[in-house]
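Below is one structure, written out as structure tokens, with a few remarks after it.
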Amino acid sequence: MNTKRLTLSTMLHQLIATPSMSSVSPEFDTSNREVVELLADWLEDFGFKVEVMPLPKQPHKANLLASYGAVNDQSRGLMFAGHTDTVPYDPHSWHHDPFQLTERDNRFYGLGTSDMKSFFALAIEAARRFRPQALRQPLFMLATADEESSMEGALSLVERGCPHVRYAVIGEPTGLKPVTAHKGIMMEAIRLMGRSGHSSNPALGVNALEAMQLVIADLLQWRNELQAKFQDERFSVPVPTLNLGYIHGGDNPNRICEQCELHFDLRALPGMELHQLRGQIRERLHRLFRHSAIRWEMFSLCQGTPPLHTDPGSPIVQAAEHHCRHASQAVAFCTEGPYLTELGIDTVILGPGDIDQAHQPDEYLALDRIEPTIELLSRLIRQFCL
């Protein structure tokens with residue numbers, strides 16, 4: 001490949017044209033390997049050292065980690081990071097081909113333009129302004145799998161480690177405003193098991209549906225306690241939230257309900273640990289039913305994503321605020337940022353798209369965001385790598 005002929009437009013077109021949807025529903029889930037192979041080819045031709053890492057549980061999917069410039073034991077470089085997958089799409093709701101980059105009304109339309117395939121092309125365009133020999137600290141590119149579903153790509157990276165990275169920018173859609181905090185999320189299920197029987201005599205059974213109303217009341221009381229204890233005014237909703245989202249129990253009106261299941265989510269603020277929250281729920285369930293014939297079990301519907309908080313005094317935060325001319329902010333949506341933080345990497349969420357466009361029909365990236373993003377990333381390379 002002649003990299004001199006590989007234009008930004010070509011990269012954007014090819015990234016959008018390559019499907020890489022991830023979903024918890026198998027019928028919508030696809031591999032991201034073609035996107036990873038595109039990035040690997042481009043980055044190698046530009047002079048990056050590239051490693052493709054298949055996911056242990058899904059070898060048809062992979063992360064990519066590439067380095068530009070010399071890496072040694074003392075290296076503490078800068079990383080531009082993002083996820084290669086998109087959500088599925090509803091073909092009946094789109095007015096443009098989701099897999100064809102379409103320019104119209106000063107916008108680029110296509111699945112992944114905002115969230116967040118375009119960021120890779122812009123990051124590569126910024127990196128190609130610099131010779132690797134000029135870098136005193138290495139520049140890294142990270143492309144992950146399954147951010148939109150299982151977070152397995154980020155979890156796999158945590159197990160592998162990133163010892164030579166000190167700072168990271170994740171190009172999620174933030175409207176070119178730096179984000180240093182977001183809530184975490186956990187999705188949990190509680191299942192109660194009683195004993196069925198004829199509804200004409202309640203003594204013949206143990207009603208799991210009736211017992212679930214005790215659980216619901218206790219969860220709502222716990223929510224009140226959490227909201228009184230934890231508050232963060234950086235967020236538009238400054239308290240942790242708990243949403244009761246699904247309930248199912250029983251099979252017929254004239255049968256005592258033997259089993260009932262409740263699903264809920266909890267959005268945790270920075271400073272709240274997911275494993276501690278799960279432990280508190282278990283303790284409350286134990287107290288509720290320790291003298292009851294009801295049996296219970298609790299399980300997580302997904303591993304959950306921790307909250308993000310990056311120290312406002314970190315050099316990468318101060319640099320992002322300076323170059324963007326905007327104070328850092330907090331958002332409600334989750335990212336892979338907490339996993340990089342777990343690796344000791346100061347992380348800012350900062351990208352050209354808008355979250356209002358993410359996961360929407362006719363997703364687009366405004367053309368007037370492209371050059372400012374390339375210039376911003378170039379300035380960060382200059383500051384942290386030269």
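We name chains A, B, ... following the order of the structure tokens; residues begin at 1 in each chain, and ligands are numbered from 1 as shown.
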Counting only C-alpha atoms, which residues of segment 84-137 of chain A fall within 7 Å of segment 340-358 of chain A, and what is the closest atom pair for each with its distance in Å at one decimal, ordered by chain and rising number, as a tab-separated table?
```
residue	atom	partner	partner_atom	distance
A:Ser114	CA	A:Gly353	CA	4.3
A:Asp115	CA	A:Ala358	CA	5.5
A:Phe119	CA	A:Gly351	CA	7.0
```
With only C-alpha atoms as the atoms that count, which of A:Val165, A:Ser9, A:Asn201, A:Asp265 lies nearest to Thr102 of chain A?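 Ranking A:Val165, A:Ser9, A:Asn201, A:Asp265 by distance to Thr102 of chain A, first place goes to A:Ser9.
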For segment 108-113 of chain A, work out the shell of residues within 12 Å, counting only C-alpha atoms and skipping chain neighbours fewer than 6 positions away, then give it as a PyMOL selection string. chain A and resi 9+11-21+35+82-91+94-102+119-122+148+171-173+351-355+357-370
Using the selection just defined, write its residues with C-alpha atoms as a PDB file, in the first residue's frame.
```pdb
ATOM      1  CA  SER A   9     -11.304  10.383   3.109  1.00  0.00           C
ATOM      2  CA  MET A  11      -9.730   5.794   5.635  1.00  0.00           C
ATOM      3  CA  LEU A  12     -13.109   7.149   6.692  1.00  0.00           C
ATOM      4  CA  HIS A  13     -14.884   5.478   3.779  1.00  0.00           C
ATOM      5  CA  GLN A  14     -13.286   2.100   4.425  1.00  0.00           C
ATOM      6  CA  LEU A  15     -13.881   2.152   8.179  1.00  0.00           C
ATOM      7  CA  ILE A  16     -17.574   2.929   7.764  1.00  0.00           C
ATOM      8  CA  ALA A  17     -17.941   0.386   4.933  1.00  0.00           C
ATOM      9  CA  THR A  18     -16.657  -2.446   7.149  1.00  0.00           C
ATOM     10  CA  PRO A  19     -19.356  -3.855   9.490  1.00  0.00           C
ATOM     11  CA  SER A  20     -18.284  -4.518  13.068  1.00  0.00           C
ATOM     12  CA  MET A  21     -21.419  -4.642  15.175  1.00  0.00           C
ATOM     13  CA  VAL A  35     -11.645  -3.322  10.948  1.00  0.00           C
ATOM     14  CA  GLY A  82     -11.244   3.677  21.057  1.00  0.00           C
ATOM     15  CA  HIS A  83     -13.533   0.789  20.246  1.00  0.00           C
ATOM     16  CA  THR A  84     -13.921  -0.687  16.790  1.00  0.00           C
ATOM     17  CA  ASP A  85     -17.456  -1.993  17.256  1.00  0.00           C
ATOM     18  CA  THR A  86     -20.765  -0.274  16.676  1.00  0.00           C
ATOM     19  CA  VAL A  87     -24.248  -1.069  17.878  1.00  0.00           C
ATOM     20  CA  PRO A  88     -26.660  -2.824  15.476  1.00  0.00           C
ATOM     21  CA  TYR A  89     -28.944  -0.686  13.342  1.00  0.00           C
ATOM     22  CA  ASP A  90     -32.556  -0.628  12.168  1.00  0.00           C
ATOM     23  CA  PRO A  91     -32.435  -0.483   8.348  1.00  0.00           C
ATOM     24  CA  TRP A  94     -32.015   5.072   8.134  1.00  0.00           C
ATOM     25  CA  HIS A  95     -32.292   7.473   5.198  1.00  0.00           C
ATOM     26  CA  HIS A  96     -28.659   6.793   4.232  1.00  0.00           C
ATOM     27  CA  ASP A  97     -26.786   3.542   3.738  1.00  0.00           C
ATOM     28  CA  PRO A  98     -25.219   2.873   7.183  1.00  0.00           C
ATOM     29  CA  PHE A  99     -22.161   1.316   5.519  1.00  0.00           C
ATOM     30  CA  GLN A 100     -21.586   4.024   2.921  1.00  0.00           C
ATOM     31  CA  LEU A 101     -19.968   7.258   4.061  1.00  0.00           C
ATOM     32  CA  THR A 102     -22.327   9.918   2.739  1.00  0.00           C
ATOM     33  CA  PHE A 119     -11.642   8.830  15.548  1.00  0.00           C
ATOM     34  CA  PHE A 120      -9.123   6.240  14.361  1.00  0.00           C
ATOM     35  CA  ALA A 121      -8.738   7.916  10.986  1.00  0.00           C
ATOM     36  CA  LEU A 122      -8.323  11.331  12.604  1.00  0.00           C
ATOM     37  CA  GLU A 148     -20.903  -1.899  23.030  1.00  0.00           C
ATOM     38  CA  GLY A 171     -12.174   9.369  21.333  1.00  0.00           C
ATOM     39  CA  GLU A 172     -15.764   8.752  22.391  1.00  0.00           C
ATOM     40  CA  PRO A 173     -18.271  11.400  21.267  1.00  0.00           C
ATOM     41  CA  GLY A 351     -13.742  12.978  20.732  1.00  0.00           C
ATOM     42  CA  PRO A 352     -15.283  14.861  17.803  1.00  0.00           C
ATOM     43  CA  GLY A 353     -18.713  13.238  17.719  1.00  0.00           C
ATOM     44  CA  ASP A 354     -21.813  14.064  19.731  1.00  0.00           C
ATOM     45  CA  ILE A 355     -23.411  11.606  22.114  1.00  0.00           C
ATOM     46  CA  GLN A 357     -25.828  11.033  17.493  1.00  0.00           C
ATOM     47  CA  ALA A 358     -24.592   7.802  19.051  1.00  0.00           C
ATOM     48  CA  HIS A 359     -26.844   4.752  18.565  1.00  0.00           C
ATOM     49  CA  GLN A 360     -29.215   6.827  16.403  1.00  0.00           C
ATOM     50  CA  PRO A 361     -30.478   6.357  12.831  1.00  0.00           C
ATOM     51  CA  ASP A 362     -28.600   8.570  10.371  1.00  0.00           C
ATOM     52  CA  GLU A 363     -25.660   8.916  12.740  1.00  0.00           C
ATOM     53  CA  TYR A 364     -23.314  11.628  11.530  1.00  0.00           C
ATOM     54  CA  LEU A 365     -20.117  13.544  12.208  1.00  0.00           C
ATOM     55  CA  ALA A 366     -20.111  17.275  11.479  1.00  0.00           C
ATOM     56  CA  LEU A 367     -17.414  18.176   8.961  1.00  0.00           C
ATOM     57  CA  ASP A 368     -16.350  21.217  10.956  1.00  0.00           C
ATOM     58  CA  ARG A 369     -15.135  18.901  13.746  1.00  0.00           C
ATOM     59  CA  ILE A 370     -12.560  17.122  11.587  1.00  0.00           C
TER      60      ILE A 370
END
```
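Between atom CA of Ser199 of chain A and atom CA of Cys257 of chain A the interatomic distance comes to 9.0 Å.
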Residues within 12 Å of Glu233 of chain A, only C-alpha atoms, excluding chain neighbours under 2 positions, as a PDB file with C-alpha atoms, in the first residue's frame:
```pdb
ATOM      1  CA  ALA A 181     -15.902  11.538  35.105  1.00  0.00           C
ATOM      2  CA  PHE A 230     -23.666  10.043  47.629  1.00  0.00           C
ATOM      3  CA  GLN A 231     -24.033  13.245  45.616  1.00  0.00           C
ATOM      4  CA  PHE A 235     -23.632  15.350  36.952  1.00  0.00           C
ATOM      5  CA  SER A 236     -26.976  16.534  35.590  1.00  0.00           C
ATOM      6  CA  VAL A 237     -28.501  13.813  37.781  1.00  0.00           C
ATOM      7  CA  PRO A 238     -26.233  14.302  40.819  1.00  0.00           C
ATOM      8  CA  VAL A 239     -27.215  11.127  42.681  1.00  0.00           C
ATOM      9  CA  PRO A 240     -26.903   7.395  41.975  1.00  0.00           C
ATOM     10  CA  LEU A 269     -21.149   7.712  41.119  1.00  0.00           C
ATOM     11  CA  PRO A 270     -17.345   7.945  41.296  1.00  0.00           C
ATOM     12  CA  GLN A 329     -17.120  17.737  32.621  1.00  0.00           C
ATOM     13  CA  ALA A 330     -19.010  14.654  33.752  1.00  0.00           C
ATOM     14  CA  VAL A 331     -21.344  12.555  31.607  1.00  0.00           C
TER      15      VAL A 331
END
```
Coordinates-based distance that separates atom CA of Leu220 of chain A from atom CA of Arg234 of chain A (Å, one decimal): 23.8 Å
Straight-line distance linking atom CA of Leu142 of chain A with atom CA of Phe80 of chain A, stated in Å to one decimal: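 Between these atoms lies a distance of 6.3 Å.
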DSSP-assigned alpha helix (DSSP H) among segment 166-337 of chain A, expressed as a PyMOL selection string: chain A and resi 208-229+274-289+315-324+337
Emit the selected residues as a PDB file, in the first residue's frame, including C-alpha atoms.
```pdb
ATOM      1  CA  ALA A 208     -42.711 -15.688  45.503  1.00  0.00           C
ATOM      2  CA  LEU A 209     -44.559 -12.806  43.850  1.00  0.00           C
ATOM      3  CA  GLU A 210     -45.792 -11.531  47.203  1.00  0.00           C
ATOM      4  CA  ALA A 211     -42.281 -11.882  48.611  1.00  0.00           C
ATOM      5  CA  MET A 212     -40.859  -9.842  45.723  1.00  0.00           C
ATOM      6  CA  GLN A 213     -42.807  -6.790  46.855  1.00  0.00           C
ATOM      7  CA  LEU A 214     -40.690  -6.890  50.027  1.00  0.00           C
ATOM      8  CA  VAL A 215     -37.549  -6.886  47.868  1.00  0.00           C
ATOM      9  CA  ILE A 216     -38.806  -3.973  45.789  1.00  0.00           C
ATOM     10  CA  ALA A 217     -39.671  -1.931  48.865  1.00  0.00           C
ATOM     11  CA  ASP A 218     -36.264  -2.655  50.365  1.00  0.00           C
ATOM     12  CA  LEU A 219     -34.422  -1.729  47.151  1.00  0.00           C
ATOM     13  CA  LEU A 220     -36.280   1.578  46.971  1.00  0.00           C
ATOM     14  CA  GLN A 221     -35.415   2.286  50.588  1.00  0.00           C
ATOM     15  CA  TRP A 222     -31.781   1.450  49.846  1.00  0.00           C
ATOM     16  CA  ARG A 223     -31.908   3.802  46.852  1.00  0.00           C
ATOM     17  CA  ASN A 224     -33.027   6.611  49.169  1.00  0.00           C
ATOM     18  CA  GLU A 225     -30.147   5.845  51.514  1.00  0.00           C
ATOM     19  CA  LEU A 226     -27.611   5.864  48.685  1.00  0.00           C
ATOM     20  CA  GLN A 227     -28.922   9.137  47.298  1.00  0.00           C
ATOM     21  CA  ALA A 228     -28.698  10.759  50.722  1.00  0.00           C
ATOM     22  CA  LYS A 229     -25.118   9.568  51.133  1.00  0.00           C
ATOM     23  CA  LEU A 274     -19.584  -2.120  42.349  1.00  0.00           C
ATOM     24  CA  HIS A 275     -18.498  -5.166  44.368  1.00  0.00           C
ATOM     25  CA  GLN A 276     -19.376  -3.365  47.607  1.00  0.00           C
ATOM     26  CA  LEU A 277     -22.801  -2.422  46.263  1.00  0.00           C
ATOM     27  CA  ARG A 278     -23.471  -6.021  45.277  1.00  0.00           C
ATOM     28  CA  GLY A 279     -22.409  -7.117  48.753  1.00  0.00           C
ATOM     29  CA  GLN A 280     -24.852  -4.682  50.343  1.00  0.00           C
ATOM     30  CA  ILE A 281     -27.727  -6.052  48.275  1.00  0.00           C
ATOM     31  CA  ARG A 282     -26.869  -9.590  49.319  1.00  0.00           C
ATOM     32  CA  GLU A 283     -26.798  -8.575  52.984  1.00  0.00           C
ATOM     33  CA  ARG A 284     -30.224  -6.982  52.685  1.00  0.00           C
ATOM     34  CA  LEU A 285     -31.672 -10.072  50.995  1.00  0.00           C
ATOM     35  CA  HIS A 286     -30.235 -12.256  53.734  1.00  0.00           C
ATOM     36  CA  ARG A 287     -31.888 -10.121  56.401  1.00  0.00           C
ATOM     37  CA  LEU A 288     -35.214 -10.133  54.576  1.00  0.00           C
ATOM     38  CA  PHE A 289     -35.479 -13.902  54.191  1.00  0.00           C
ATOM     39  CA  PRO A 315      -1.236  16.857  33.055  1.00  0.00           C
ATOM     40  CA  ILE A 316      -3.449  15.225  30.417  1.00  0.00           C
ATOM     41  CA  VAL A 317      -6.557  16.829  31.927  1.00  0.00           C
ATOM     42  CA  GLN A 318      -4.948  20.242  32.111  1.00  0.00           C
ATOM     43  CA  ALA A 319      -3.646  19.916  28.552  1.00  0.00           C
ATOM     44  CA  ALA A 320      -7.043  18.858  27.228  1.00  0.00           C
ATOM     45  CA  GLU A 321      -8.779  21.740  28.975  1.00  0.00           C
ATOM     46  CA  HIS A 322      -6.184  24.194  27.680  1.00  0.00           C
ATOM     47  CA  HIS A 323      -6.282  23.048  24.064  1.00  0.00           C
ATOM     48  CA  CYS A 324     -10.064  22.684  24.004  1.00  0.00           C
ATOM     49  CA  GLY A 337     -11.934   4.721  30.692  1.00  0.00           C
TER      50      GLY A 337
END
```
So which one's closest to Leu380 of chain A, A:Thr335, A:Gln137, A:Ser200, A:Thr180? Using only C-alpha atoms, please.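 Once distances to Leu380 of chain A are computed over only C-alpha atoms, the minimum belongs to A:Gln137.
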Nearest to Thr144 of chain A: which of A:Glu371, A:Glu336, A:Asp232, A:Glu37 is it, counting only C-alpha atoms?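 Ranking A:Glu371, A:Glu336, A:Asp232, A:Glu37 by distance to Thr144 of chain A, first place goes to A:Glu336.
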Could you name the residues that touch Leu65 of chain A at 12 Å or less, counting only C-alpha atoms, but leaving out those on the same chain fewer than 3 positions away, as JSON, numbers by chain? {"A": [36, 37, 39, 40, 43, 44, 48, 49, 50, 51, 52, 53, 54, 62, 68, 79, 80, 81, 82, 83, 139, 140, 141, 142, 143, 144, 145, 153, 154, 157, 160, 161, 162, 164, 165]}
Can you write out as a Markdown table which residues of segment 121-211 of chain A fall within 9 Å of segment 300-306 of chain A, alongside each residue's closest atom pair and its distance in Å to one decimal, counting only C-alpha atoms and ordering rows by chain and ascending residue number?
```
| residue | atom | partner | partner_atom | distance |
| --- | --- | --- | --- | --- |
| A:Ser150 | CA | A:Cys302 | CA | 7.2 |
| A:Met151 | CA | A:Thr305 | CA | 8.2 |
| A:His182 | CA | A:Pro306 | CA | 8.9 |
| A:Lys183 | CA | A:Pro306 | CA | 7.3 |
| A:Gly184 | CA | A:Pro306 | CA | 4.4 |
| A:Ile185 | CA | A:Thr305 | CA | 5.3 |
| A:Met186 | CA | A:Gly304 | CA | 4.4 |
| A:Met187 | CA | A:Leu301 | CA | 5.4 |
| A:Glu188 | CA | A:Ser300 | CA | 4.4 |
| A:Ala189 | CA | A:Ser300 | CA | 6.0 |
| A:Ile190 | CA | A:Ser300 | CA | 8.8 |
```
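Checking A:Leu308, A:Leu262, A:Ala66, A:Ile170 one by one against Arg191 of chain A, counting only C-alpha atoms, you find the shortest gap at A:Leu262.
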Could you pull out the strand (DSSP E) residues of segment 69-117 of chain A, going by DSSP on the backbone, and write them as a PyMOL selection string? chain A and resi 77-83+102-104+107-109
Hey, can you spit out that residue selection with C-alpha atoms as an mmCIF file, in the first residue's frame?
```cif
data_model
loop_
_atom_site.group_PDB
_atom_site.id
_atom_site.type_symbol
_atom_site.label_atom_id
_atom_site.label_comp_id
_atom_site.auth_asym_id
_atom_site.auth_seq_id
_atom_site.Cartn_x
_atom_site.Cartn_y
_atom_site.Cartn_z
ATOM 1 C CA GLY A 77 3.810 7.481 26.425
ATOM 2 C CA LEU A 78 0.508 8.832 25.190
ATOM 3 C CA MET A 79 -2.256 6.619 23.809
ATOM 4 C CA PHE A 80 -5.178 7.380 21.518
ATOM 5 C CA ALA A 81 -7.824 4.747 22.192
ATOM 6 C CA GLY A 82 -11.244 3.677 21.057
ATOM 7 C CA HIS A 83 -13.533 0.789 20.246
ATOM 8 C CA THR A 102 -22.327 9.918 2.739
ATOM 9 C CA GLU A 103 -21.484 13.618 2.677
ATOM 10 C CA ARG A 104 -24.483 15.904 2.896
ATOM 11 C CA ARG A 107 -21.969 16.159 7.643
ATOM 12 C CA PHE A 108 -20.576 12.671 7.149
ATOM 13 C CA TYR A 109 -23.355 10.115 7.629
#
```
Selection: 9 Å around Phe130 of chain A, only C-alpha atoms, excl. self and same-chain fewer than 4 positions, as a PyMOL selection string: chain A and resi 126+134-135+378+381-382
Could you write out that same residue set with N, CA and C atoms as a PDB file, in the first residue's frame?
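What follows is the written file out_32.pdb:
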```pdb
ATOM      1  N   ALA A 126      -3.341  12.668  12.450  1.00  0.00           N
ATOM      2  CA  ALA A 126      -2.503  13.500  13.323  1.00  0.00           C
ATOM      3  C   ALA A 126      -1.114  12.893  13.481  1.00  0.00           C
ATOM      4  N   ALA A 134      11.528  11.472  15.861  1.00  0.00           N
ATOM      5  CA  ALA A 134      11.442  12.731  16.605  1.00  0.00           C
ATOM      6  C   ALA A 134      10.772  12.569  17.969  1.00  0.00           C
ATOM      7  N   LEU A 135      10.167  11.416  18.213  1.00  0.00           N
ATOM      8  CA  LEU A 135       9.404  11.236  19.450  1.00  0.00           C
ATOM      9  C   LEU A 135      10.313  10.820  20.601  1.00  0.00           C
ATOM     10  N   SER A 378      -2.764  16.528  17.325  1.00  0.00           N
ATOM     11  CA  SER A 378      -1.383  16.879  16.984  1.00  0.00           C
ATOM     12  C   SER A 378      -0.724  17.655  18.119  1.00  0.00           C
ATOM     13  N   ILE A 381       0.185  15.231  20.872  1.00  0.00           N
ATOM     14  CA  ILE A 381       1.403  14.482  20.520  1.00  0.00           C
ATOM     15  C   ILE A 381       2.638  15.355  20.738  1.00  0.00           C
ATOM     16  N   ARG A 382       2.547  16.565  20.275  1.00  0.00           N
ATOM     17  CA  ARG A 382       3.678  17.482  20.426  1.00  0.00           C
ATOM     18  C   ARG A 382       4.027  17.703  21.906  1.00  0.00           C
TER      19      ARG A 382
END
```
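Restricting the calculation to only C-alpha atoms, the smallest distance between Asp45 of chain A and any of A:Val179, A:Glu261, A:Leu6, A:His291 is found for A:Leu6.
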Which residues are close to Leu55 of chain A, i.e. within 8 Å by only C-alpha atoms, leaving aside same-chain residues fewer than 3 positions away? Reply as an MDAnalysis selection string. chainID A and resid 58:63 152:153 156
Output file for the residues above (C-alpha atoms, as an mmCIF file, in the first residue's frame):
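selection-v1.cif written:
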```
data_model
loop_
_atom_site.group_PDB
_atom_site.id
_atom_site.type_symbol
_atom_site.label_atom_id
_atom_site.label_comp_id
_atom_site.auth_asym_id
_atom_site.auth_seq_id
_atom_site.Cartn_x
_atom_site.Cartn_y
_atom_site.Cartn_z
ATOM 1 C CA GLN A 58 -13.918 -14.928 21.146
ATOM 2 C CA PRO A 59 -10.915 -15.499 18.887
ATOM 3 C CA HIS A 60 -12.896 -14.196 15.903
ATOM 4 C CA LYS A 61 -12.619 -10.778 17.565
ATOM 5 C CA ALA A 62 -9.468 -8.896 18.535
ATOM 6 C CA ASN A 63 -7.872 -5.845 20.108
ATOM 7 C CA GLU A 152 -14.404 -8.099 26.830
ATOM 8 C CA GLY A 153 -11.837 -6.163 24.817
ATOM 9 C CA SER A 156 -8.678 -8.532 28.132
#
```
